[in-house]
file run34.cif (mmCIF, C-alpha atoms)
data_query
#
loop_
_atom_site.group_PDB
_atom_site.id
_atom_site.type_symbol
_atom_site.label_atom_id
_atom_site.label_comp_id
_atom_site.auth_asym_id
_atom_site.auth_seq_id
_atom_site.Cartn_x
_atom_site.Cartn_y
_atom_site.Cartn_z
ATOM 1 C CA ILE A 1091 2.516 11.985 -17.280
ATOM 2 C CA SER A 1092 -0.395 14.064 -15.952
ATOM 3 C CA LYS A 1093 -2.473 12.874 -18.936
ATOM 4 C CA TYR A 1094 -2.494 9.325 -17.627
ATOM 5 C CA PHE A 1095 -2.414 9.647 -13.821
ATOM 6 C CA TYR A 1096 -3.954 11.875 -11.178
ATOM 7 C CA TYR A 1097 -1.744 14.314 -9.335
ATOM 8 C CA GLN A 1098 -2.439 12.508 -6.031
ATOM 9 C CA GLN A 1099 -1.084 9.233 -7.459
ATOM 10 C CA ILE A 1100 2.428 10.602 -7.989
ATOM 11 C CA GLN A 1101 4.656 10.818 -4.916
ATOM 12 C CA CYS A 1102 8.093 12.439 -5.007
ATOM 13 C CA LEU A 1103 10.886 10.628 -3.171
ATOM 14 C CA SER A 1104 14.407 11.868 -2.508
ATOM 15 C CA VAL A 1105 17.267 10.839 -0.263
ATOM 16 C CA ALA A 1106 20.396 12.666 0.820
ATOM 17 C CA PRO A 1107 23.370 12.221 -1.515
ATOM 18 C CA ALA A 1108 25.876 11.432 1.246
ATOM 19 C CA SER A 1109 26.237 7.947 2.668
ATOM 20 C CA ASN A 1110 25.429 7.490 6.341
ATOM 21 C CA GLN A 1111 28.416 5.173 6.806
ATOM 22 C CA LEU A 1112 32.157 5.613 6.323
ATOM 23 C CA TRP A 1113 33.926 3.479 3.729
ATOM 24 C CA MET A 1114 36.156 1.249 5.827
ATOM 25 C CA ALA A 1115 37.889 -0.781 3.081
ATOM 26 C CA SER A 1116 41.558 -1.558 3.652
ATOM 27 C CA GLU A 1117 44.274 -0.344 1.264
ATOM 28 C CA PRO A 1118 44.962 -3.855 -0.141
ATOM 29 C CA SER A 1119 41.243 -4.305 -0.801
ATOM 30 C CA LYS A 1120 41.090 -0.970 -2.631
ATOM 31 C CA ALA A 1121 44.100 -1.885 -4.758
ATOM 32 C CA SER A 1122 42.597 -5.271 -5.627
ATOM 33 C CA PHE A 1123 39.248 -3.649 -6.481
ATOM 34 C CA ALA A 1124 40.964 -1.003 -8.650
ATOM 35 C CA SER A 1125 42.881 -3.629 -10.637
ATOM 36 C CA ALA A 1126 39.754 -5.754 -11.100
ATOM 37 C CA LEU A 1127 37.891 -2.778 -12.555
ATOM 38 C CA VAL A 1128 40.342 -2.385 -15.452
ATOM 39 C CA SER A 1129 40.562 -6.117 -16.132
ATOM 40 C CA ASP A 1130 39.114 -7.079 -19.515
ATOM 41 C CA SER A 1131 38.081 -10.493 -18.246
ATOM 42 C CA ARG A 1132 35.641 -9.075 -15.696
ATOM 43 C CA LYS A 1133 32.479 -7.026 -15.762
ATOM 44 C CA ALA A 1134 31.353 -4.453 -13.224
ATOM 45 C CA TYR A 1135 27.770 -3.705 -12.288
ATOM 46 C CA ILE A 1136 26.017 -1.155 -10.102
ATOM 47 C CA SER A 1137 22.671 -1.770 -8.428
ATOM 48 C CA VAL A 1138 20.016 0.690 -7.242
ATOM 49 C CA SER A 1139 17.474 -0.410 -4.636
ATOM 50 C CA TRP A 1140 14.419 1.470 -3.412
ATOM 51 C CA SER A 1141 12.245 0.406 -0.465
ATOM 52 C CA MET A 1142 8.933 2.225 -0.048
ATOM 53 C CA ILE A 1143 6.025 1.898 2.385
ATOM 54 C CA ARG A 1144 2.481 2.595 1.164
ATOM 55 C CA ASP A 1145 -0.480 3.596 3.304
ATOM 56 C CA HIS A 1146 -2.807 1.253 1.372
ATOM 57 C CA PRO A 1147 -3.276 -1.610 1.240
ATOM 58 C CA VAL A 1148 -2.171 -2.168 4.817
ATOM 59 C CA THR A 1149 -1.665 -5.897 4.269
ATOM 60 C CA ALA A 1150 0.939 -5.243 1.540
ATOM 61 C CA SER A 1151 2.392 -1.843 2.350
ATOM 62 C CA MET A 1152 6.060 -2.630 1.648
ATOM 63 C CA CYS A 1153 7.339 -2.169 -1.915
ATOM 64 C CA ALA A 1154 10.936 -2.875 -2.868
ATOM 65 C CA SER A 1155 12.816 -3.344 -6.099
ATOM 66 C CA THR A 1156 16.390 -3.436 -7.393
ATOM 67 C CA ILE A 1157 17.695 -2.620 -10.863
ATOM 68 C CA PHE A 1158 21.145 -3.364 -12.260
ATOM 69 C CA ALA A 1159 23.292 -1.550 -14.788
ATOM 70 C CA GLN A 1160 26.691 -2.394 -16.252
ATOM 71 C CA LEU A 1161 29.561 0.111 -16.010
ATOM 72 C CA ASP A 1162 31.095 0.994 -19.361
ATOM 73 C CA GLY A 1163 34.862 1.041 -19.987
ATOM 74 C CA SER A 1164 35.496 4.736 -19.318
ATOM 75 C CA THR A 1165 33.571 4.663 -16.024
ATOM 76 C CA ARG A 1166 35.530 1.644 -14.833
ATOM 77 C CA ILE A 1167 38.829 3.358 -15.645
ATOM 78 C CA ASN A 1168 37.819 6.592 -13.895
ATOM 79 C CA LEU A 1169 36.627 4.657 -10.854
ATOM 80 C CA SER A 1170 39.893 2.709 -10.745
ATOM 81 C CA HIS A 1171 41.911 5.938 -10.904
ATOM 82 C CA ALA A 1172 39.794 7.433 -8.125
ATOM 83 C CA LEU A 1173 40.545 4.443 -5.892
ATOM 84 C CA ASN A 1174 44.260 4.668 -6.599
ATOM 85 C CA GLN A 1175 44.227 8.378 -5.706
ATOM 86 C CA SER A 1176 42.141 7.930 -2.571
ATOM 87 C CA SER A 1177 45.085 8.122 -0.162
ATOM 88 C CA PRO A 1178 46.266 11.695 -0.536
ATOM 89 C CA VAL A 1179 47.971 13.880 1.985
ATOM 90 C CA ASN A 1180 45.198 16.454 1.889
ATOM 91 C CA SER A 1181 41.411 16.159 1.766
ATOM 92 C CA THR A 1182 40.046 15.612 -1.756
ATOM 93 C CA ASP A 1183 36.794 14.931 -3.573
ATOM 94 C CA VAL A 1184 36.917 12.745 -6.688
ATOM 95 C CA LYS A 1185 33.831 12.745 -8.923
ATOM 96 C CA ILE A 1186 33.111 9.905 -11.340
ATOM 97 C CA PRO A 1187 30.245 10.446 -13.829
ATOM 98 C CA LEU A 1188 28.381 7.192 -14.431
ATOM 99 C CA LYS A 1189 28.134 5.939 -18.008
ATOM 100 C CA LEU A 1190 26.196 2.720 -18.128
ATOM 101 C CA LEU A 1191 25.119 -0.140 -20.367
ATOM 102 C CA ASP A 1192 22.018 -2.277 -20.396
ATOM 103 C CA PRO A 1193 23.030 -5.655 -18.874
ATOM 104 C CA LYS A 1194 20.997 -7.565 -21.479
ATOM 105 C CA THR A 1195 21.450 -5.651 -24.734
ATOM 106 C CA LYS A 1196 24.846 -4.048 -23.880
ATOM 107 C CA GLU A 1197 23.536 -0.788 -25.328
ATOM 108 C CA LYS A 1198 24.139 2.585 -23.674
ATOM 109 C CA VAL A 1199 21.393 3.826 -21.375
ATOM 110 C CA PRO A 1200 20.773 7.547 -20.802
ATOM 111 C CA GLY A 1201 20.919 7.352 -17.011
ATOM 112 C CA LEU A 1202 21.256 5.251 -13.895
ATOM 113 C CA TYR A 1203 17.536 4.431 -13.641
ATOM 114 C CA ARG A 1204 14.152 5.654 -14.879
ATOM 115 C CA LEU A 1205 12.474 8.484 -12.979
ATOM 116 C CA TYR A 1206 8.979 6.903 -12.751
ATOM 117 C CA TRP A 1207 8.312 3.616 -10.947
ATOM 118 C CA GLN A 1208 4.819 2.103 -10.668
ATOM 119 C CA LEU A 1209 3.709 0.378 -7.473
ATOM 120 C CA ASN A 1210 0.960 -2.086 -8.353
ATOM 121 C CA GLY A 1211 -1.156 -4.714 -6.666
ATOM 122 C CA SER A 1212 -1.092 -6.678 -3.454
ATOM 123 C CA PRO A 1213 1.498 -8.047 -2.867
ATOM 124 C CA CYS A 1214 3.319 -5.046 -4.282
ATOM 125 C CA THR A 1215 4.892 -5.315 -7.726
ATOM 126 C CA VAL A 1216 7.300 -2.563 -8.767
ATOM 127 C CA VAL A 1217 7.524 -1.728 -12.478
ATOM 128 C CA ASP A 1218 10.322 0.667 -13.452
ATOM 129 C CA LYS A 1219 9.054 1.096 -17.017
ATOM 130 C CA VAL A 1220 5.735 2.915 -17.412
ATOM 131 C CA ALA A 1221 3.935 1.401 -20.390
ATOM 132 C CA VAL A 1222 1.873 4.494 -21.255
ATOM 133 C CA LEU A 1223 5.060 6.529 -21.836
ATOM 134 C CA ARG A 1224 5.992 4.142 -24.661
ATOM 135 C CA GLY A 1225 9.709 4.182 -23.972
ATOM 136 C CA ASN A 1226 9.958 7.947 -23.478
ATOM 137 C CA ASP A 1227 10.624 7.660 -19.744
ATOM 138 C CA PRO A 1228 12.905 10.374 -18.330
ATOM 139 C CA TRP A 1229 16.094 9.029 -16.792
ATOM 140 C CA VAL A 1230 18.056 10.110 -13.716
ATOM 141 C CA ASN A 1231 21.745 10.786 -14.349
ATOM 142 C CA CYS A 1232 24.031 10.329 -11.347
ATOM 143 C CA SER A 1233 27.694 10.558 -10.439
ATOM 144 C CA LEU A 1234 29.727 8.898 -7.706
ATOM 145 C CA VAL A 1235 31.832 11.139 -5.477
ATOM 146 C CA LEU A 1236 34.536 9.708 -3.238
ATOM 147 C CA HIS A 1237 35.241 12.067 -0.350
ATOM 148 C CA THR A 1238 38.529 11.769 1.501
ATOM 149 C CA GLU A 1239 39.004 13.916 4.579
ATOM 150 C CA ILE A 1240 42.324 14.172 6.417
ATOM 151 C CA ASP A 1241 42.145 15.427 9.982
ATOM 152 C CA LYS A 1242 45.568 16.344 11.345
ATOM 153 C CA LYS A 1243 45.853 16.720 15.104
ATOM 154 C CA GLU A 1244 48.961 16.787 17.264
ATOM 155 C CA GLY A 1245 51.168 15.183 14.655
ATOM 156 C CA TYR A 1246 48.669 12.452 13.759
ATOM 157 C CA ALA A 1247 46.560 12.197 10.611
ATOM 158 C CA PHE A 1248 43.117 10.594 10.678
ATOM 159 C CA LYS A 1249 41.569 9.699 7.343
ATOM 160 C CA SER A 1250 37.834 9.341 6.731
ATOM 161 C CA GLN A 1251 36.260 8.278 3.431
ATOM 162 C CA TRP A 1252 32.660 8.089 2.283
ATOM 163 C CA TRP A 1253 30.691 8.034 -0.950
ATOM 164 C CA ASP A 1254 28.134 10.446 -2.360
ATOM 165 C CA VAL A 1255 25.597 9.756 -5.101
ATOM 166 C CA GLU A 1256 24.850 13.089 -6.767
ATOM 167 C CA CYS A 1257 22.007 13.111 -9.293
ATOM 168 C CA GLU A 1258 20.674 15.658 -11.759
ATOM 169 C CA LEU A 1259 17.049 16.542 -12.394
ATOM 170 C CA PRO A 1260 15.887 14.996 -15.667
ATOM 171 C CA LYS A 1261 15.692 17.465 -18.539
ATOM 172 C CA GLU A 1262 12.205 16.220 -19.341
ATOM 173 C CA ASP A 1263 11.045 17.168 -15.839
ATOM 174 C CA ASN A 1264 9.416 20.582 -15.679
ATOM 175 C CA LYS A 1265 11.699 23.183 -14.060
ATOM 176 C CA THR A 1266 8.684 24.716 -12.355
ATOM 177 C CA ASP A 1267 7.831 21.399 -10.734
ATOM 178 C CA THR A 1268 7.640 21.924 -6.961
ATOM 179 C CA CYS A 1269 8.292 18.240 -6.410
ATOM 180 C CA TRP A 1270 11.960 18.706 -5.542
ATOM 181 C CA GLN A 1271 11.860 21.999 -3.661
ATOM 182 C CA LYS A 1272 12.122 20.190 -0.320
ATOM 183 C CA SER A 1273 14.498 17.474 -1.518
ATOM 184 C CA ASN A 1274 17.593 16.572 0.467
ATOM 185 C CA LYS A 1275 20.634 18.331 -0.952
ATOM 186 C CA SER A 1276 24.346 18.207 -0.210
ATOM 187 C CA SER A 1277 26.392 21.155 1.046
ATOM 188 C CA ASN A 1278 27.146 22.172 -2.549
ATOM 189 C CA GLY A 1279 23.476 22.076 -3.511
ATOM 190 C CA SER A 1280 23.555 18.746 -5.367
ATOM 191 C CA ASN A 1281 20.572 16.425 -5.269
ATOM 192 C CA GLY A 1282 20.690 12.864 -4.083
ATOM 193 C CA PRO A 1283 18.821 10.011 -5.788
ATOM 194 C CA LEU A 1284 15.345 11.090 -6.934
ATOM 195 C CA LEU A 1285 12.266 9.054 -7.758
ATOM 196 C CA LYS A 1286 8.609 9.569 -8.638
ATOM 197 C CA ALA A 1287 6.462 6.689 -7.424
ATOM 198 C CA ILE A 1288 3.123 6.168 -9.171
ATOM 199 C CA LEU A 1289 0.625 4.689 -6.743
ATOM 200 C CA GLN A 1290 -2.282 2.511 -7.780
ATOM 201 C CA GLU A 1291 -5.806 3.825 -7.220
ATOM 202 C CA VAL A 1292 -7.614 2.197 -4.290
ATOM 203 C CA GLN A 1293 -11.245 2.141 -3.193
ATOM 204 C CA SER A 1294 -12.041 4.972 -0.781
ATOM 205 C CA GLY A 1295 -14.688 5.224 1.941
ATOM 206 C CA VAL A 1296 -15.621 2.684 4.598
ATOM 207 C CA ILE A 1297 -15.521 -0.316 2.264
ATOM 208 C CA GLY A 1298 -12.186 0.763 0.794
ATOM 209 C CA THR A 1299 -10.631 1.226 4.208
ATOM 210 C CA PHE A 1300 -11.945 -2.169 5.328
ATOM 211 C CA LEU A 1301 -10.674 -3.878 2.177
ATOM 212 C CA SER A 1302 -7.231 -2.316 2.513
ATOM 213 C CA SER A 1303 -6.880 -3.578 6.088
ATOM 214 C CA LYS A 1304 -8.770 -6.921 6.063
ATOM 215 C CA GLY A 1305 -8.824 -7.892 2.408
ATOM 216 C CA ILE A 1306 -11.608 -9.470 0.365
ATOM 217 C CA THR A 1307 -11.647 -12.554 2.625
ATOM 218 C CA GLY A 1308 -12.306 -10.423 5.695
ATOM 219 C CA LEU A 1309 -15.043 -8.533 3.846
ATOM 220 C CA TYR A 1310 -16.763 -11.802 2.846
ATOM 221 C CA ILE A 1311 -16.580 -13.280 6.347
ATOM 222 C CA THR A 1312 -17.857 -10.098 7.996
ATOM 223 C CA PHE A 1313 -20.798 -9.375 5.717
ATOM 224 C CA VAL A 1314 -21.888 -12.860 4.690
ATOM 225 C CA PHE A 1315 -21.400 -14.758 7.914
ATOM 226 C CA LEU A 1316 -21.846 -12.166 10.654
ATOM 227 C CA ILE A 1317 -24.152 -9.493 9.256
ATOM 228 C CA GLY A 1318 -25.991 -11.984 7.034
ATOM 229 C CA ARG A 1319 -26.734 -14.312 9.914
ATOM 230 C CA GLY A 1320 -27.860 -11.415 12.090
ATOM 231 C CA VAL A 1321 -30.354 -10.184 9.489
ATOM 232 C CA ARG A 1322 -31.592 -13.724 8.907
ATOM 233 C CA ALA A 1323 -32.132 -14.231 12.627
ATOM 234 C CA MET A 1324 -34.207 -11.033 12.797
ATOM 235 C CA VAL A 1325 -36.566 -12.099 9.994
ATOM 236 C CA ALA A 1326 -36.649 -15.843 10.761
ATOM 237 C CA ASN A 1327 -40.194 -17.215 11.326
ATOM 238 C CA ARG A 1328 -41.609 -13.762 10.650
ATOM 239 C CA VAL A 1329 -44.099 -15.306 8.200
ATOM 240 C CA LEU A 1330 -45.575 -17.477 10.949
ATOM 241 C CA GLY A 1331 -46.169 -14.417 13.115
ATOM 242 C CA ILE A 1332 -47.923 -12.304 10.482
ATOM 243 C CA PRO A 1333 -51.469 -13.747 11.060
ATOM 244 C CA HIS A 1334 -51.157 -13.162 14.795
ATOM 245 C CA VAL A 1335 -49.814 -9.623 14.515
ATOM 246 C CA THR A 1336 -51.758 -8.118 11.609
ATOM 247 C CA MET A 1337 -55.316 -8.971 12.650
ATOM 248 C CA PRO A 1338 -58.079 -6.659 11.361
ATOM 249 C CA SER A 1339 -59.985 -6.837 14.656
ATOM 250 C CA ILE A 1340 -59.206 -8.495 18.010
ATOM 251 C CA MET A 1341 -62.455 -7.676 19.842
ATOM 252 C CA LYS A 1342 -63.839 -11.256 19.817
ATOM 253 C CA LEU A 1343 -60.508 -12.769 20.842
ATOM 254 C CA ARG A 1344 -60.063 -10.194 23.575
ATOM 255 C CA THR A 1345 -63.580 -10.892 24.873
ATOM 256 C CA LEU A 1346 -62.746 -14.608 24.987
ATOM 257 C CA CYS A 1347 -59.560 -13.881 26.936
ATOM 258 C CA ASP A 1348 -61.539 -11.710 29.373
ATOM 259 C CA ASP A 1349 -64.023 -14.587 29.859
ATOM 260 C CA VAL A 1350 -61.137 -16.920 30.744
ATOM 261 C CA ARG A 1351 -59.952 -14.408 33.331
ATOM 262 C CA ASP A 1352 -63.447 -13.927 34.786
ATOM 263 C CA ALA A 1353 -63.983 -17.703 35.071
ATOM 264 C CA ARG A 1354 -60.783 -18.030 37.052
ATOM 265 C CA THR A 1355 -61.765 -15.093 39.231
ATOM 266 C CA VAL A 1356 -65.010 -16.815 40.335
ATOM 267 C CA PHE A 1357 -63.231 -20.194 40.637
ATOM 268 C CA ASP A 1358 -65.279 -21.767 37.830
ATOM 269 C CA LEU A 1359 -62.426 -23.975 36.721
ATOM 270 C CA GLU A 1360 -64.500 -26.194 34.456
ATOM 271 C CA LEU A 1361 -65.712 -23.167 32.456
ATOM 272 C CA GLU A 1362 -62.185 -21.757 32.391
ATOM 273 C CA GLU A 1363 -60.876 -24.992 30.900
ATOM 274 C CA LEU A 1364 -63.536 -25.028 28.185
ATOM 275 C CA LEU A 1365 -62.887 -21.390 27.242
ATOM 276 C CA TYR A 1366 -59.103 -21.955 27.213
ATOM 277 C CA LYS A 1367 -59.436 -25.018 24.941
ATOM 278 C CA ALA A 1368 -61.621 -22.989 22.608
ATOM 279 C CA LEU A 1369 -58.988 -20.216 22.494
ATOM 280 C CA ILE A 1370 -56.232 -22.716 21.723
ATOM 281 C CA ARG A 1371 -58.356 -24.336 18.984
ATOM 282 C CA ILE A 1372 -58.876 -20.932 17.356
ATOM 283 C CA TYR A 1373 -55.141 -20.134 17.311
ATOM 284 C CA ARG A 1374 -54.315 -23.537 15.910
ATOM 285 C CA SER A 1375 -56.651 -23.080 12.949
ATOM 286 C CA SER A 1376 -55.866 -20.289 10.497
ATOM 287 C CA GLU A 1377 -59.440 -20.455 9.169
ATOM 288 C CA LEU A 1378 -60.995 -19.966 12.621
ATOM 289 C CA LEU A 1379 -58.484 -17.231 13.439
ATOM 290 C CA ILE A 1380 -59.472 -15.311 10.294
ATOM 291 C CA LYS A 1381 -63.170 -15.676 11.096
ATOM 292 C CA MET A 1382 -62.713 -14.531 14.690
ATOM 293 C CA SER A 1383 -60.570 -11.549 13.686
ATOM 294 C CA LYS A 1384 -62.830 -10.158 10.964
ATOM 295 C CA LYS A 1385 -63.926 -6.599 11.361
ATOM 296 C CA LEU A 1386 -67.429 -6.117 12.649
ATOM 297 C CA ASP A 1387 -69.934 -4.796 10.130
#
call {"tool": "encode", "arguments": {"input": "run34.cif", "output": "structure tokens"}}
result
Amino acid sequence: ISKYFYYQQIQCLSVAPASNQLWMASEPSKASFASALVSDSRKAYISVSWSMIRDHPVTASMCASTIFAQLDGSTRINLSHALNQSSPVNSTDVKIPLKLLDPKTKEKVPGLYRLYWQLNGSPCTVVDKVAVLRGNDPWVNCSLVLHTEIDKKEGYAFKSQWWDVECELPKEDNKTDTCWQKSNKSSNGSNGPLLKAILQEVQSGVIGTFLSSKGITGLYITFVFLIGRGVRAMVANRVLGIPHVTMPSIMKLRTLCDDVRDARTVFDLELEELLYKALIRIYRSSELLIKMSKKLD
């Protein structure tokens, strides 16, 4: 698998084998379930669901998928026997290895589910069959364990039941793989359900972080409308200001401005008006402005 994906793309997931809830089914319900399992007119299925949260993209972080498998005849019989024996006097543990069939083809499958699941796109799409492995995906084999614990106190017996899902490491998985060293194990050292999630590569850096949180629509609005309008406002009418800013020489124009000031100082308003009109006429004519701003020889 390392030939096709980077090490950082593969995340190891594991959960504890023991259920976090007691099995509270009544005895009549157990008996009805046990008889239905061995009935030839019915089929029994088991489902496996995984819910995962990705860091990126933020807008579609949740990934969830469910796969189904059909229980074969021997597994249904063993499970039915386990239910019928689930009311003992003493505490017991009944283990039922899972042998399964493909719901569509009715062919035997080598495990409960495939080890590698790909998490693609936004919104997230979970693919439990990696195409590059060409059907050679390692499978996870699991067994169901029904625990029955009898607690006798002061002449009373209290019964508690719960399920375990104990899984084995795939044979194809390297024994030196440190992926499962910190996995959740039961008291007898068994592993719970295991999974390797293959994450999709995402753009890194500032743009990648922005895209993962705001999406392509947010990127377009921010850069085109906000930043684009700001840059356009800074350069708007800049062409009209070039002749007035990049003059070769301003000595003649400055002298004319000084004359306007001097005329006002001596209260020669008629002369001030004539000089001011001449200055305005120069700035209104690009030809006169060029002539007045030429460098002196």
call {"tool": "resolve_selection", "arguments": {"input": "run34.cif", "expression": "the PyMOL selection byres ((chain A and resi 1364-1371) around 8)", "output": "number ranges by chain"}}
result
A: 1343, 1346-1347, 1349-1350, 1360-1363, 1372-1375
call {"tool": "axis_aligned_box", "arguments": {"input": "run34.cif", "around": "stretch 1115-1131 of chain A", "padding_each_side": "4 Å", "output": "JSON"}}
result
{"center_x": 41.4, "center_y": -5.4, "center_z": -7.9, "size_x": 15.1, "size_y": 18.1, "size_z": 31.2}
call {"tool": "resolve_selection", "arguments": {"input": "run34.cif", "expression": "the PyMOL selection byres ((chain A and resi 1215) around 12)", "output": "list in words"}}
result
Ser1141, Met1142, Ala1150, Ser1151, Met1152, Cys1153, Ala1154, Ser1155, Thr1156, Trp1207, Gln1208, Leu1209, Asn1210, Gly1211, Ser1212, Pro1213, Cys1214, Val1216, Val1217, Asp1218, Ile1288, Leu1289 and Gln1290 of chain A
call {"tool": "resolve_selection", "arguments": {"input": "run34.cif", "expression": "the PyMOL selection byres ((chain A and resi 1204) around 9)", "output": "VMD selection string"}}
result
chain A and resid 1201 to 1203 1205 to 1207 1218 to 1219 1227 to 1230 1285
call {"tool": "closest_residue", "arguments": {"input": "run34.cif", "among": "A:Pro1193, A:Gly1318, A:Gly1282, A:Gly1163", "to": "A:Val1128", "atoms": "all atoms listed in the file"}}
result
A:Gly1163
call {"tool": "atom_distance", "arguments": {"input": "run34.cif", "atom1": "atom CA of A:Asp1162", "atom2": "atom CA of A:Ala1134"}}
result
8.2 Å
call {"tool": "closest_residue", "arguments": {"input": "run34.cif", "among": "A:Ile1157, A:Leu1379, A:Ile1317, A:Ala1323", "to": "A:Val1335", "atoms": "only C-alpha atoms"}}
result
A:Leu1379
call {"tool": "atom_distance", "arguments": {"input": "run34.cif", "atom1": "atom CA of A:Pro1283", "atom2": "atom CA of A:Asn1174"}}
result
26.0 Å
call {"tool": "residues_around", "arguments": {"input": "run34.cif", "residues": "A:Met1341", "least_positions_apart": "5", "cutoff": "10 Å", "atoms": "all atoms listed in the file", "output": "number ranges by chain"}}
result
A: 1346-1347, 1382-1386
call {"tool": "closest_residue", "arguments": {"input": "run34.cif", "among": "A:Asn1226, A:Ala1159, A:Ala1221, A:Leu1173", "to": "A:Lys1194", "atoms": "only C-alpha atoms"}}
result
A:Ala1159
call {"tool": "atom_distance", "arguments": {"input": "run34.cif", "atom1": "atom CA of A:Cys1102", "atom2": "atom CA of A:Lys1286"}}
result
4.7 Å
call {"tool": "closest_residue", "arguments": {"input": "run34.cif", "among": "A:Cys1232, A:Val1222, A:Cys1257, A:Phe1315", "to": "A:Ser1092", "atoms": "only C-alpha atoms"}}
result
A:Val1222
call {"tool": "decode", "arguments": {"input": "run34.cif", "residues": "stretch 1237-1243 of chain A", "atoms": "all heavy atoms", "output": "CSV table (one decimal), in the first residue's frame"}}
result
chain,number,residue,atom,x,y,z
A,1237,HIS,N,-20.7,-12.3,26.7
A,1237,HIS,CA,-20.3,-12.4,28.1
A,1237,HIS,C,-21.5,-12.4,29.0
A,1237,HIS,O,-22.4,-11.6,28.9
A,1237,HIS,CB,-19.4,-11.2,28.6
A,1237,HIS,CG,-18.1,-11.1,27.8
A,1237,HIS,ND1,-17.0,-11.9,28.1
A,1237,HIS,CD2,-17.8,-10.4,26.7
A,1237,HIS,CE1,-16.0,-11.6,27.3
A,1237,HIS,NE2,-16.5,-10.7,26.4
A,1238,THR,N,-21.6,-13.4,29.9
A,1238,THR,CA,-22.6,-13.5,30.9
A,1238,THR,C,-22.0,-13.5,32.3
A,1238,THR,O,-21.2,-14.4,32.6
A,1238,THR,CB,-23.5,-14.7,30.7
A,1238,THR,OG1,-24.0,-14.7,29.4
A,1238,THR,CG2,-24.6,-14.7,31.8
A,1239,GLU,N,-22.3,-12.6,33.1
A,1239,GLU,CA,-21.7,-12.5,34.5
A,1239,GLU,C,-22.8,-12.6,35.5
A,1239,GLU,O,-23.8,-11.8,35.5
A,1239,GLU,CB,-20.9,-11.1,34.6
A,1239,GLU,CG,-20.2,-11.0,35.9
A,1239,GLU,CD,-19.4,-9.7,36.0
A,1239,GLU,OE1,-18.7,-9.4,35.0
A,1239,GLU,OE2,-19.4,-9.0,37.1
A,1240,ILE,N,-22.6,-13.5,36.4
A,1240,ILE,CA,-23.6,-13.7,37.5
A,1240,ILE,C,-22.9,-13.2,38.8
A,1240,ILE,O,-21.9,-13.7,39.2
A,1240,ILE,CB,-23.9,-15.2,37.7
A,1240,ILE,CG1,-24.4,-15.7,36.3
A,1240,ILE,CG2,-25.0,-15.4,38.8
A,1240,ILE,CD1,-25.7,-15.1,35.8
A,1241,ASP,N,-23.6,-12.3,39.4
A,1241,ASP,CA,-23.1,-11.7,40.7
A,1241,ASP,C,-24.1,-12.1,41.8
A,1241,ASP,O,-25.2,-11.7,41.9
A,1241,ASP,CB,-23.0,-10.2,40.6
A,1241,ASP,CG,-22.4,-9.5,41.8
A,1241,ASP,OD1,-21.8,-10.3,42.6
A,1241,ASP,OD2,-22.5,-8.3,41.9
A,1242,LYS,N,-23.6,-13.0,42.7
A,1242,LYS,CA,-24.4,-13.5,43.7
A,1242,LYS,C,-24.1,-12.8,45.0
A,1242,LYS,O,-22.9,-12.7,45.5
A,1242,LYS,CB,-24.1,-15.0,43.9
A,1242,LYS,CG,-24.5,-15.8,42.7
A,1242,LYS,CD,-24.2,-17.3,42.9
A,1242,LYS,CE,-24.6,-18.1,41.7
A,1242,LYS,NZ,-24.3,-19.6,41.9
A,1243,LYS,N,-25.1,-12.1,45.6
A,1243,LYS,CA,-25.0,-11.4,46.9
A,1243,LYS,C,-26.2,-11.6,47.7
A,1243,LYS,O,-27.3,-11.4,47.3
A,1243,LYS,CB,-24.8,-9.9,46.6
A,1243,LYS,CG,-23.5,-9.5,45.9
A,1243,LYS,CD,-23.4,-8.0,45.8
A,1243,LYS,CE,-22.1,-7.6,45.1
A,1243,LYS,NZ,-22.0,-6.1,45.0
